[in-house]
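Student: Compact mmCIF, C-alpha atoms, file my_file_10.txt:
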```
# COMPACT_ATOMS: atom_id res chain seq x y z
CA MET A 1 1.29 -19.95 7.02
CA LEU A 2 -0.19 -16.92 5.31
CA ALA A 3 1.20 -13.41 5.82
CA LEU A 4 -0.66 -10.48 4.27
CA PHE A 5 1.18 -7.17 4.08
CA ASP A 6 -0.05 -3.67 3.47
CA LEU A 7 2.05 -1.82 0.88
CA ASP A 8 2.13 1.96 1.39
CA GLY A 9 3.69 2.99 4.67
CA THR A 10 4.50 -0.63 5.51
CA LEU A 11 6.81 -2.05 2.85
CA ILE A 12 7.50 1.19 0.98
CA ASP A 13 7.70 4.90 1.81
CA ARG A 14 4.85 6.26 -0.32
CA GLN A 15 5.13 9.82 0.94
CA ALA A 16 8.69 10.30 -0.26
CA ALA A 17 7.87 8.78 -3.64
CA LEU A 18 4.72 10.92 -3.93
CA SER A 19 6.68 14.09 -3.32
CA ASP A 20 9.27 13.21 -5.97
CA ALA A 21 6.60 12.18 -8.49
CA VAL A 22 4.52 15.34 -8.09
CA THR A 23 7.60 17.55 -8.38
CA ALA A 24 8.70 15.77 -11.56
CA LEU A 25 5.21 15.89 -13.12
CA CYS A 26 4.82 19.60 -12.47
CA ARG A 27 8.26 20.38 -13.84
CA ALA A 28 7.62 18.33 -16.98
CA HIS A 29 4.48 20.34 -17.73
CA THR A 30 5.62 23.66 -16.20
CA PHE A 31 2.59 23.59 -13.89
CA ASP A 32 2.49 26.47 -11.42
CA THR A 33 2.60 26.16 -7.64
CA SER A 34 -1.19 26.19 -7.28
CA ILE A 35 -1.44 22.96 -9.28
CA GLU A 36 1.44 21.42 -7.38
CA GLN A 37 -0.15 22.25 -4.04
CA TRP A 38 -3.50 20.89 -5.25
CA LEU A 39 -1.88 17.61 -6.28
CA ARG A 40 -0.02 17.21 -3.00
CA GLY A 41 -3.22 17.73 -1.06
CA VAL A 42 -5.52 15.53 -3.14
CA LEU A 43 -3.02 12.69 -3.59
CA ALA A 44 -1.76 12.73 0.00
CA ASP A 45 -3.68 9.62 1.05
CA ARG A 46 -4.55 7.88 -2.22
CA ALA A 47 -4.36 8.50 -5.98
CA ASN A 48 -6.94 7.50 -8.58
CA PRO A 49 -7.52 8.32 -12.28
CA SER A 50 -10.55 10.41 -11.30
CA ASP A 51 -8.22 12.81 -9.45
CA PHE A 52 -6.56 13.72 -12.73
CA ALA A 53 -9.90 14.20 -14.45
CA ARG A 54 -10.72 16.70 -11.70
CA LEU A 55 -7.31 18.33 -12.10
CA ARG A 56 -7.87 18.84 -15.82
CA THR A 57 -11.32 20.32 -15.27
CA ASP A 58 -10.49 22.52 -12.28
CA PHE A 59 -7.43 24.09 -13.89
CA GLY A 60 -8.51 24.04 -17.54
CA LEU A 61 -5.59 21.90 -18.66
CA THR A 62 -5.22 20.76 -22.25
CA GLU A 63 -3.42 17.50 -21.47
CA PRO A 64 -5.72 14.45 -21.43
CA ALA A 65 -6.45 13.18 -17.94
CA GLU A 66 -5.47 9.64 -18.97
CA GLN A 67 -2.06 10.88 -20.07
CA LEU A 68 -1.44 12.73 -16.81
CA TRP A 69 -2.51 9.70 -14.80
CA GLN A 70 -0.17 7.39 -16.69
CA GLU A 71 2.71 9.84 -16.33
CA TYR A 72 2.07 9.99 -12.59
CA VAL A 73 1.92 6.17 -12.35
CA ASP A 74 5.26 5.89 -14.16
CA LEU A 75 6.86 8.64 -12.07
CA ILE A 76 5.81 7.32 -8.68
CA ALA A 77 6.76 3.77 -9.64
CA GLY A 78 10.16 5.10 -10.64
CA ALA A 79 10.50 6.90 -7.31
CA VAL A 80 9.44 4.00 -5.08
CA THR A 81 12.04 1.93 -3.27
CA CYS A 82 11.91 -0.93 -0.81
CA ARG A 83 14.81 -1.14 1.64
CA PRO A 84 17.15 -4.11 1.02
CA GLU A 85 16.60 -5.44 4.54
CA ILE A 86 12.83 -5.63 3.90
CA LEU A 87 13.35 -7.41 0.58
CA GLY A 88 15.74 -9.78 2.30
CA GLY A 89 13.21 -10.43 5.04
CA LEU A 90 10.50 -11.28 2.50
CA SER A 91 12.93 -13.70 0.84
CA GLN A 92 13.56 -15.31 4.23
CA LEU A 93 9.85 -15.74 4.79
CA ARG A 94 9.45 -17.48 1.45
CA ALA A 95 12.39 -19.73 2.24
CA ALA A 96 10.65 -20.60 5.51
CA ALA A 97 7.57 -21.73 3.54
CA TRP A 98 5.40 -18.66 4.27
CA THR A 99 2.81 -17.65 1.69
CA ILE A 100 3.00 -13.88 1.19
CA GLY A 101 0.22 -11.65 -0.10
CA ILE A 102 -0.32 -7.92 -0.52
CA VAL A 103 -3.64 -6.33 0.46
CA THR A 104 -3.70 -2.64 -0.40
CA ASN A 105 -6.10 0.22 -0.92
CA GLY A 106 -5.55 1.95 -4.25
CA ALA A 107 -5.91 1.62 -8.01
CA GLY A 108 -4.68 -1.74 -9.24
CA ASP A 109 -2.41 -0.40 -11.98
CA ILE A 110 -0.48 2.00 -9.76
CA GLN A 111 -0.13 -0.45 -6.87
CA ARG A 112 1.17 -3.23 -9.12
CA ALA A 113 3.54 -0.79 -10.84
CA LYS A 114 4.97 0.15 -7.44
CA LEU A 115 5.31 -3.51 -6.43
CA ALA A 116 7.23 -4.30 -9.62
CA ALA A 117 9.46 -1.24 -9.45
CA ALA A 118 10.32 -1.81 -5.79
CA GLY A 119 11.34 -5.42 -6.43
CA ILE A 120 8.53 -6.83 -4.29
CA ALA A 121 6.35 -8.37 -7.03
CA ASN A 122 8.49 -11.48 -7.48
CA LEU A 123 8.55 -12.10 -3.72
CA VAL A 124 4.79 -12.36 -3.19
CA ASP A 125 2.24 -15.01 -4.12
CA GLY A 126 -0.78 -12.77 -4.68
CA VAL A 127 -2.09 -9.20 -4.67
CA ALA A 128 -5.47 -7.68 -3.85
CA ALA A 129 -5.89 -3.97 -4.61
CA SER A 130 -9.07 -2.16 -3.63
CA GLY A 131 -9.40 -0.59 -7.07
CA ASP A 132 -9.88 -4.04 -8.62
CA LEU A 133 -13.26 -4.51 -6.93
CA GLU A 134 -14.04 -1.05 -5.53
CA ILE A 135 -13.80 -2.59 -2.06
CA ARG A 136 -11.51 -1.00 0.50
CA LYS A 137 -9.94 -2.20 3.70
CA PRO A 138 -11.22 -2.95 6.32
CA ALA A 139 -13.81 -4.86 4.23
CA ARG A 140 -13.38 -8.60 4.77
CA GLU A 141 -13.92 -9.22 1.05
CA LEU A 142 -10.59 -7.61 0.18
CA PHE A 143 -8.76 -9.86 2.62
CA GLU A 144 -10.59 -12.86 1.16
CA LEU A 145 -9.45 -11.79 -2.32
CA ALA A 146 -5.87 -11.45 -1.09
CA ALA A 147 -5.90 -14.92 0.44
CA SER A 148 -7.48 -16.54 -2.61
CA SER A 149 -5.00 -14.80 -4.93
CA CYS A 150 -2.32 -16.63 -2.95
CA GLY A 151 -4.16 -19.94 -3.28
CA ARG A 152 -5.11 -19.85 0.39
CA SER A 153 -8.23 -19.36 2.52
CA LEU A 154 -8.83 -17.11 5.49
CA ALA A 155 -10.24 -20.17 7.22
CA ASP A 156 -6.66 -21.42 7.50
CA GLY A 157 -5.67 -18.37 9.57
CA GLY A 158 -2.62 -16.21 9.16
CA TRP A 159 -1.31 -12.71 9.82
CA MET A 160 -1.97 -9.14 8.67
CA ILE A 161 0.85 -6.60 8.89
CA GLY A 162 0.22 -2.89 8.32
CA ASP A 163 0.39 0.69 9.58
CA ASN A 164 -3.28 1.66 9.42
CA PRO A 165 -5.11 0.89 12.69
CA ALA A 166 -8.64 0.57 11.31
CA GLY A 167 -7.90 -0.66 7.81
CA ASP A 168 -5.07 -3.08 8.49
CA ILE A 169 -5.45 -4.11 12.12
CA GLY A 170 -9.22 -3.78 12.49
CA GLY A 171 -9.74 -5.33 9.08
CA GLY A 172 -7.27 -8.10 9.81
CA HIS A 173 -8.99 -9.01 13.07
CA HIS A 174 -12.38 -9.01 11.34
CA ALA A 175 -10.92 -11.39 8.76
CA GLY A 176 -9.83 -13.77 11.52
CA LEU A 177 -6.12 -12.97 11.24
CA ARG A 178 -3.51 -12.23 13.87
CA THR A 179 -2.06 -8.77 13.46
CA ILE A 180 1.13 -6.74 13.67
CA TRP A 181 0.88 -2.96 13.73
CA LEU A 182 3.63 -0.66 12.51
CA CYS A 183 3.02 2.15 14.96
CA GLY A 184 2.95 5.82 14.03
CA ARG A 185 -0.64 6.82 13.34
CA PRO A 186 -3.03 7.70 16.19
CA TRP A 187 -4.84 4.66 17.58
CA PRO A 188 -8.66 5.04 17.56
CA ASP A 189 -10.59 4.66 20.79
CA GLY A 190 -12.37 1.36 21.13
CA LEU A 191 -10.33 -0.51 18.51
CA ARG A 192 -9.01 -3.88 19.59
CA ALA A 193 -5.23 -3.85 20.06
CA ALA A 194 -2.92 -5.56 17.61
CA ASP A 195 -1.29 -8.82 18.65
CA HIS A 196 2.10 -7.14 18.28
CA THR A 197 3.26 -3.53 17.86
CA VAL A 198 6.55 -2.78 16.11
CA ASP A 199 8.45 0.17 14.68
CA ASP A 200 9.40 -1.31 11.32
CA ALA A 201 8.46 -4.01 8.83
CA THR A 202 11.72 -5.83 9.55
CA ASP A 203 10.60 -6.24 13.18
CA ALA A 204 7.30 -7.71 11.97
CA ILE A 205 9.12 -10.14 9.69
CA ALA A 206 11.32 -11.22 12.62
CA ILE A 207 8.17 -12.05 14.63
CA LEU A 208 6.82 -14.17 11.77
CA LEU A 209 10.13 -15.99 11.35
CA ASN A 210 10.15 -16.70 15.07
CA GLU A 211 6.66 -18.21 14.70
CA THR A 212 8.10 -20.57 12.09
CA SER A 213 10.92 -21.72 14.32
CA GLU A 214 8.77 -22.37 17.38
```
Can the structure from this file be put into structure tokens for me?
Tutor:
Amino acid sequence: MLALFDLDGTLIDRQAALSDAVTALCRAHTFDTSIEQWLRGVLADRANPSDFARLRTDFGLTEPAEQLWQEYVDLIAGAVTCRPEILGGLSQLRAAAWTIGIVTNGAGDIQRAKLAAAGIANLVDGVAASGDLEIRKPARELFELAASSCGRSLADGGWMIGDNPAGDIGGGHHAGLRTIWLCGRPWPDGLRAADHTVDDATDAIAILLNETSE
């Protein structure tokens, strides 16, 4: 069976890592509070190299945008953690013959850096990041890429697990997958409900393991 997981907000706490990374970057360059506030606002949902080109232009910085981007990538990767019980759950899924993929919105370099730093990279069979093709969830094409990167096909079915109602659950349903929603965000009117709703990724993993044993 195929299980596709979202990354940020599902397997890792991006917001905590973002806060630590922005603080460290601003301290390293003695940036003032206006820059720090700008970064926290612009990077709150997603970070891309173009954000740092804007930062350099808007604030007249001398540091190259590429350098600032790479520093941020390294800092947030260093700040990211995945809880041991989630890593253990992913290992259990692999032992139960599940194929595990990551489907995530974001630049490919930063998402893969976070996967490696959090210890998730060696527990998954494939990764699809929106920045690789400039296609974002809920586009079916990104889910197709995730499945194919795992050596699987959406035609075989599977599951999508994530915290974003439209991107993860709506996109997963459109891709023909069963879904598990990590609740927390507001649920949009008119969106089809997830197959299961849970509070934590470990609960989602338990549902998948139960599917295996049935």
Student: Go through A:Leu25, A:Ile86, A:Gly170, A:Ala147 one by one, measure the shortest atom-to-atom distance of each to A:Asp189 using all atoms listed in the file, and give the residue with the smallest value.
Tutor: A:Gly170
Student: Is there a way to get, as a PyMOL selection string, all residues within 10 Å of the point (7.4, -6.3, 14.1) in file coordinates, counting only C-alpha atoms?
Tutor: chain A and resi 161-162+179-183+196-208
Student: Mind dumping the selected residues with C-alpha atoms as an mmCIF file, in the frame of the given file?
Tutor:
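Contents of the output file again25.cif:
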```cif
data_model
loop_
_atom_site.group_PDB
_atom_site.id
_atom_site.type_symbol
_atom_site.label_atom_id
_atom_site.label_comp_id
_atom_site.auth_asym_id
_atom_site.auth_seq_id
_atom_site.Cartn_x
_atom_site.Cartn_y
_atom_site.Cartn_z
ATOM 1 C CA ILE A 161 0.850 -6.600 8.890
ATOM 2 C CA GLY A 162 0.220 -2.890 8.320
ATOM 3 C CA THR A 179 -2.060 -8.770 13.460
ATOM 4 C CA ILE A 180 1.130 -6.740 13.670
ATOM 5 C CA TRP A 181 0.880 -2.960 13.730
ATOM 6 C CA LEU A 182 3.630 -0.660 12.510
ATOM 7 C CA CYS A 183 3.020 2.150 14.960
ATOM 8 C CA HIS A 196 2.100 -7.140 18.280
ATOM 9 C CA THR A 197 3.260 -3.530 17.860
ATOM 10 C CA VAL A 198 6.550 -2.780 16.110
ATOM 11 C CA ASP A 199 8.450 0.170 14.680
ATOM 12 C CA ASP A 200 9.400 -1.310 11.320
ATOM 13 C CA ALA A 201 8.460 -4.010 8.830
ATOM 14 C CA THR A 202 11.720 -5.830 9.550
ATOM 15 C CA ASP A 203 10.600 -6.240 13.180
ATOM 16 C CA ALA A 204 7.300 -7.710 11.970
ATOM 17 C CA ILE A 205 9.120 -10.140 9.690
ATOM 18 C CA ALA A 206 11.320 -11.220 12.620
ATOM 19 C CA ILE A 207 8.170 -12.050 14.630
ATOM 20 C CA LEU A 208 6.820 -14.170 11.770
#
```
Student: Could you check how far atom CA of A:Ala17 sits from atom CA of A:Gly184, in Å to one decimal?
Tutor: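 Between atom CA of A:Ala17 and atom CA of A:Gly184 the gap is 18.6 Å.
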Student: What does the distance from atom CA of A:Ala121 to atom CA of A:Arg136 come to in Å, to one decimal?
Tutor: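 Spanning atom CA of A:Ala121 to atom CA of A:Arg136 is a straight-line distance of 20.7 Å.
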Student: Would you list the contacts of A:Asp74 as a list in words, taking every protein, DNA or RNA residue within 12 Å and counting only C-alpha atoms, but skipping same-chain residues closer than 3 positions in sequence?
Tutor: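 Here the qualifying residues turn out to be Ala17, Leu18, Asp20, Ala21, Val22, Ala24, Leu25, Gln67, Leu68, Trp69, Gln70, Glu71, Ala77, Gly78, Ala79, Val80, Asp109, Ile110, Gln111, Arg112, Ala113, Lys114, Ala116 and Ala117 of chain A.
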Student: Those same residues, written as a short mmCIF file (atom, residue, chain, number, x, y, z; two decimals), in the frame of the given file with C-alpha atoms?
Tutor:
```cif
data_model
loop_
_atom_site.label_atom_id
_atom_site.label_comp_id
_atom_site.auth_asym_id
_atom_site.auth_seq_id
_atom_site.Cartn_x
_atom_site.Cartn_y
_atom_site.Cartn_z
CA ALA A 17 7.87 8.78 -3.64
CA LEU A 18 4.72 10.92 -3.93
CA ASP A 20 9.27 13.21 -5.97
CA ALA A 21 6.60 12.18 -8.49
CA VAL A 22 4.52 15.34 -8.09
CA ALA A 24 8.70 15.77 -11.56
CA LEU A 25 5.21 15.89 -13.12
CA GLN A 67 -2.06 10.88 -20.07
CA LEU A 68 -1.44 12.73 -16.81
CA TRP A 69 -2.51 9.70 -14.80
CA GLN A 70 -0.17 7.39 -16.69
CA GLU A 71 2.71 9.84 -16.33
CA ALA A 77 6.76 3.77 -9.64
CA GLY A 78 10.16 5.10 -10.64
CA ALA A 79 10.50 6.90 -7.31
CA VAL A 80 9.44 4.00 -5.08
CA ASP A 109 -2.41 -0.40 -11.98
CA ILE A 110 -0.48 2.00 -9.76
CA GLN A 111 -0.13 -0.45 -6.87
CA ARG A 112 1.17 -3.23 -9.12
CA ALA A 113 3.54 -0.79 -10.84
CA LYS A 114 4.97 0.15 -7.44
CA ALA A 116 7.23 -4.30 -9.62
CA ALA A 117 9.46 -1.24 -9.45
#
```
Student: Enter the distance from atom CA of A:Gly9 to atom CA of A:Ala44, in Å, rounded to one decimal.
Tutor: 12.1 Å
Student: Let me make sure I understand: among A:Asn164, A:Ser50, A:Thr99, A:Thr30, which one has the smallest atom-to-atom distance to A:Ser148 if we use only C-alpha atoms?
Tutor: A:Thr99
Student: For A:Gly131, list every protein, DNA or RNA residue within 12 Å, evaluated using all atoms listed in the file, and leave out those in the same chain fewer than 4 positions away; present the list as number ranges by chain.
Tutor: A: 46-50, 103-112, 127, 135-137, 142
Student: Using only C-alpha atoms, determine which residues lie at most 6 Å from A:Asp125, disregarding the query and same-chain residues fewer than 2 positions distant; provide the list as a list of chain:residue names.
Tutor: A:Ile100, A:Gly101, A:Cys150
Student: Name the closest residue to A:Asp58 among the candidates A:Leu87, A:Trp98, A:Gly171, A:Ser34; distances are taken between atoms, counting all atoms listed in the file.
Tutor: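 Checking each of A:Leu87, A:Trp98, A:Gly171, A:Ser34 against A:Asp58, counting all atoms listed in the file, the winner is A:Ser34.
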Student: Return as JSON the box centre and box size in Å, one decimal, for an axis-aligned box around all listed atoms of stretch 38-55 of chain A padded by 3 Å per side.
Tutor:
```
{"center_x": -5.4, "center_y": 14.2, "center_z": -6.7, "size_x": 16.7, "size_y": 19.4, "size_z": 21.5}
```
Student: Missing atoms in stretch 35-46 of chain A should be modelled up to all heavy atoms and reported as a CSV table (one decimal), in the frame of the given file.
Tutor:
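Wrote part-v5.csv, looks like this:
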```csv
chain,number,residue,atom,x,y,z
A,35,ILE,N,-1.2,24.3,-8.8
A,35,ILE,CA,-1.4,23.0,-9.3
A,35,ILE,C,-0.6,22.0,-8.4
A,35,ILE,O,-1.2,20.9,-8.0
A,35,ILE,CB,-1.1,22.8,-10.8
A,35,ILE,CG1,-2.1,23.6,-11.6
A,35,ILE,CG2,-1.2,21.3,-11.2
A,35,ILE,CD1,-1.8,23.5,-13.1
A,36,GLU,N,0.6,22.3,-8.2
A,36,GLU,CA,1.4,21.4,-7.4
A,36,GLU,C,0.9,21.2,-6.0
A,36,GLU,O,0.8,20.1,-5.5
A,36,GLU,CB,2.9,22.0,-7.3
A,36,GLU,CG,3.8,21.0,-6.5
A,36,GLU,CD,5.3,21.4,-6.7
A,36,GLU,OE1,5.6,22.3,-7.5
A,36,GLU,OE2,6.1,20.8,-5.9
A,37,GLN,N,0.4,22.3,-5.4
A,37,GLN,CA,-0.2,22.2,-4.0
A,37,GLN,C,-1.5,21.4,-4.1
A,37,GLN,O,-1.7,20.7,-3.1
A,37,GLN,CB,-0.4,23.7,-3.5
A,37,GLN,CG,0.9,24.4,-3.2
A,37,GLN,CD,0.6,25.9,-2.8
A,37,GLN,OE1,-0.5,26.4,-3.0
A,37,GLN,NE2,1.7,26.6,-2.4
A,38,TRP,N,-2.3,21.6,-5.1
A,38,TRP,CA,-3.5,20.9,-5.2
A,38,TRP,C,-3.2,19.4,-5.3
A,38,TRP,O,-3.9,18.6,-4.6
A,38,TRP,CB,-4.2,21.4,-6.5
A,38,TRP,CG,-5.6,20.8,-6.7
A,38,TRP,CD1,-6.8,21.4,-6.3
A,38,TRP,CD2,-6.0,19.6,-7.3
A,38,TRP,NE1,-7.9,20.6,-6.7
A,38,TRP,CE2,-7.4,19.5,-7.3
A,38,TRP,CE3,-5.3,18.5,-7.9
A,38,TRP,CZ2,-8.1,18.4,-7.8
A,38,TRP,CZ3,-5.9,17.4,-8.4
A,38,TRP,CH2,-7.3,17.4,-8.4
A,39,LEU,N,-2.2,19.0,-6.1
A,39,LEU,CA,-1.9,17.6,-6.3
A,39,LEU,C,-1.4,17.0,-5.0
A,39,LEU,O,-1.8,15.9,-4.6
A,39,LEU,CB,-0.8,17.4,-7.4
A,39,LEU,CG,-1.3,17.5,-8.8
A,39,LEU,CD1,-0.1,17.7,-9.7
A,39,LEU,CD2,-2.2,16.3,-9.2
A,40,ARG,N,-0.6,17.7,-4.3
A,40,ARG,CA,0.0,17.2,-3.0
A,40,ARG,C,-1.1,17.0,-2.0
A,40,ARG,O,-1.1,16.0,-1.2
A,40,ARG,CB,1.0,18.2,-2.4
A,40,ARG,CG,2.3,18.2,-3.3
A,40,ARG,CD,3.4,19.0,-2.6
A,40,ARG,NE,4.5,19.2,-3.5
A,40,ARG,CZ,5.5,18.3,-3.7
A,40,ARG,NH1,5.4,17.1,-3.1
A,40,ARG,NH2,6.5,18.5,-4.6
A,41,GLY,N,-2.1,17.9,-2.0
A,41,GLY,CA,-3.2,17.7,-1.1
A,41,GLY,C,-4.2,16.6,-1.4
A,41,GLY,O,-4.5,15.7,-0.6
A,42,VAL,N,-4.6,16.5,-2.7
A,42,VAL,CA,-5.5,15.5,-3.1
A,42,VAL,C,-4.9,14.1,-3.1
A,42,VAL,O,-5.6,13.1,-2.8
A,42,VAL,CB,-6.0,15.9,-4.5
A,42,VAL,CG1,-6.9,14.8,-5.2
A,42,VAL,CG2,-6.9,17.2,-4.5
A,43,LEU,N,-3.6,14.0,-3.5
A,43,LEU,CA,-3.0,12.7,-3.6
A,43,LEU,C,-2.4,12.2,-2.3
A,43,LEU,O,-1.8,11.1,-2.3
A,43,LEU,CB,-2.0,12.7,-4.7
A,43,LEU,CG,-2.4,13.2,-6.1
A,43,LEU,CD1,-1.2,13.1,-7.1
A,43,LEU,CD2,-3.6,12.4,-6.6
A,44,ALA,N,-2.5,13.0,-1.2
A,44,ALA,CA,-1.8,12.7,0.0
A,44,ALA,C,-2.1,11.3,0.6
A,44,ALA,O,-1.1,10.6,1.0
A,44,ALA,CB,-2.1,13.8,1.1
A,45,ASP,N,-3.3,10.9,0.5
A,45,ASP,CA,-3.7,9.6,1.0
A,45,ASP,C,-3.8,8.5,0.0
A,45,ASP,O,-3.4,7.4,0.2
A,45,ASP,CB,-5.0,9.7,1.8
A,45,ASP,CG,-5.4,8.4,2.4
A,45,ASP,OD1,-4.7,7.9,3.2
A,45,ASP,OD2,-6.5,7.9,2.1
A,46,ARG,N,-4.3,8.9,-1.2
A,46,ARG,CA,-4.6,7.9,-2.2
A,46,ARG,C,-4.7,8.6,-3.6
A,46,ARG,O,-5.1,9.7,-3.6
A,46,ARG,CB,-5.8,7.1,-1.9
A,46,ARG,CG,-6.0,5.8,-2.7
A,46,ARG,CD,-5.0,4.8,-2.4
A,46,ARG,NE,-4.8,4.5,-1.0
A,46,ARG,CZ,-3.7,4.0,-0.4
A,46,ARG,NH1,-2.7,3.8,-1.2
A,46,ARG,NH2,-3.7,3.8,0.9
```
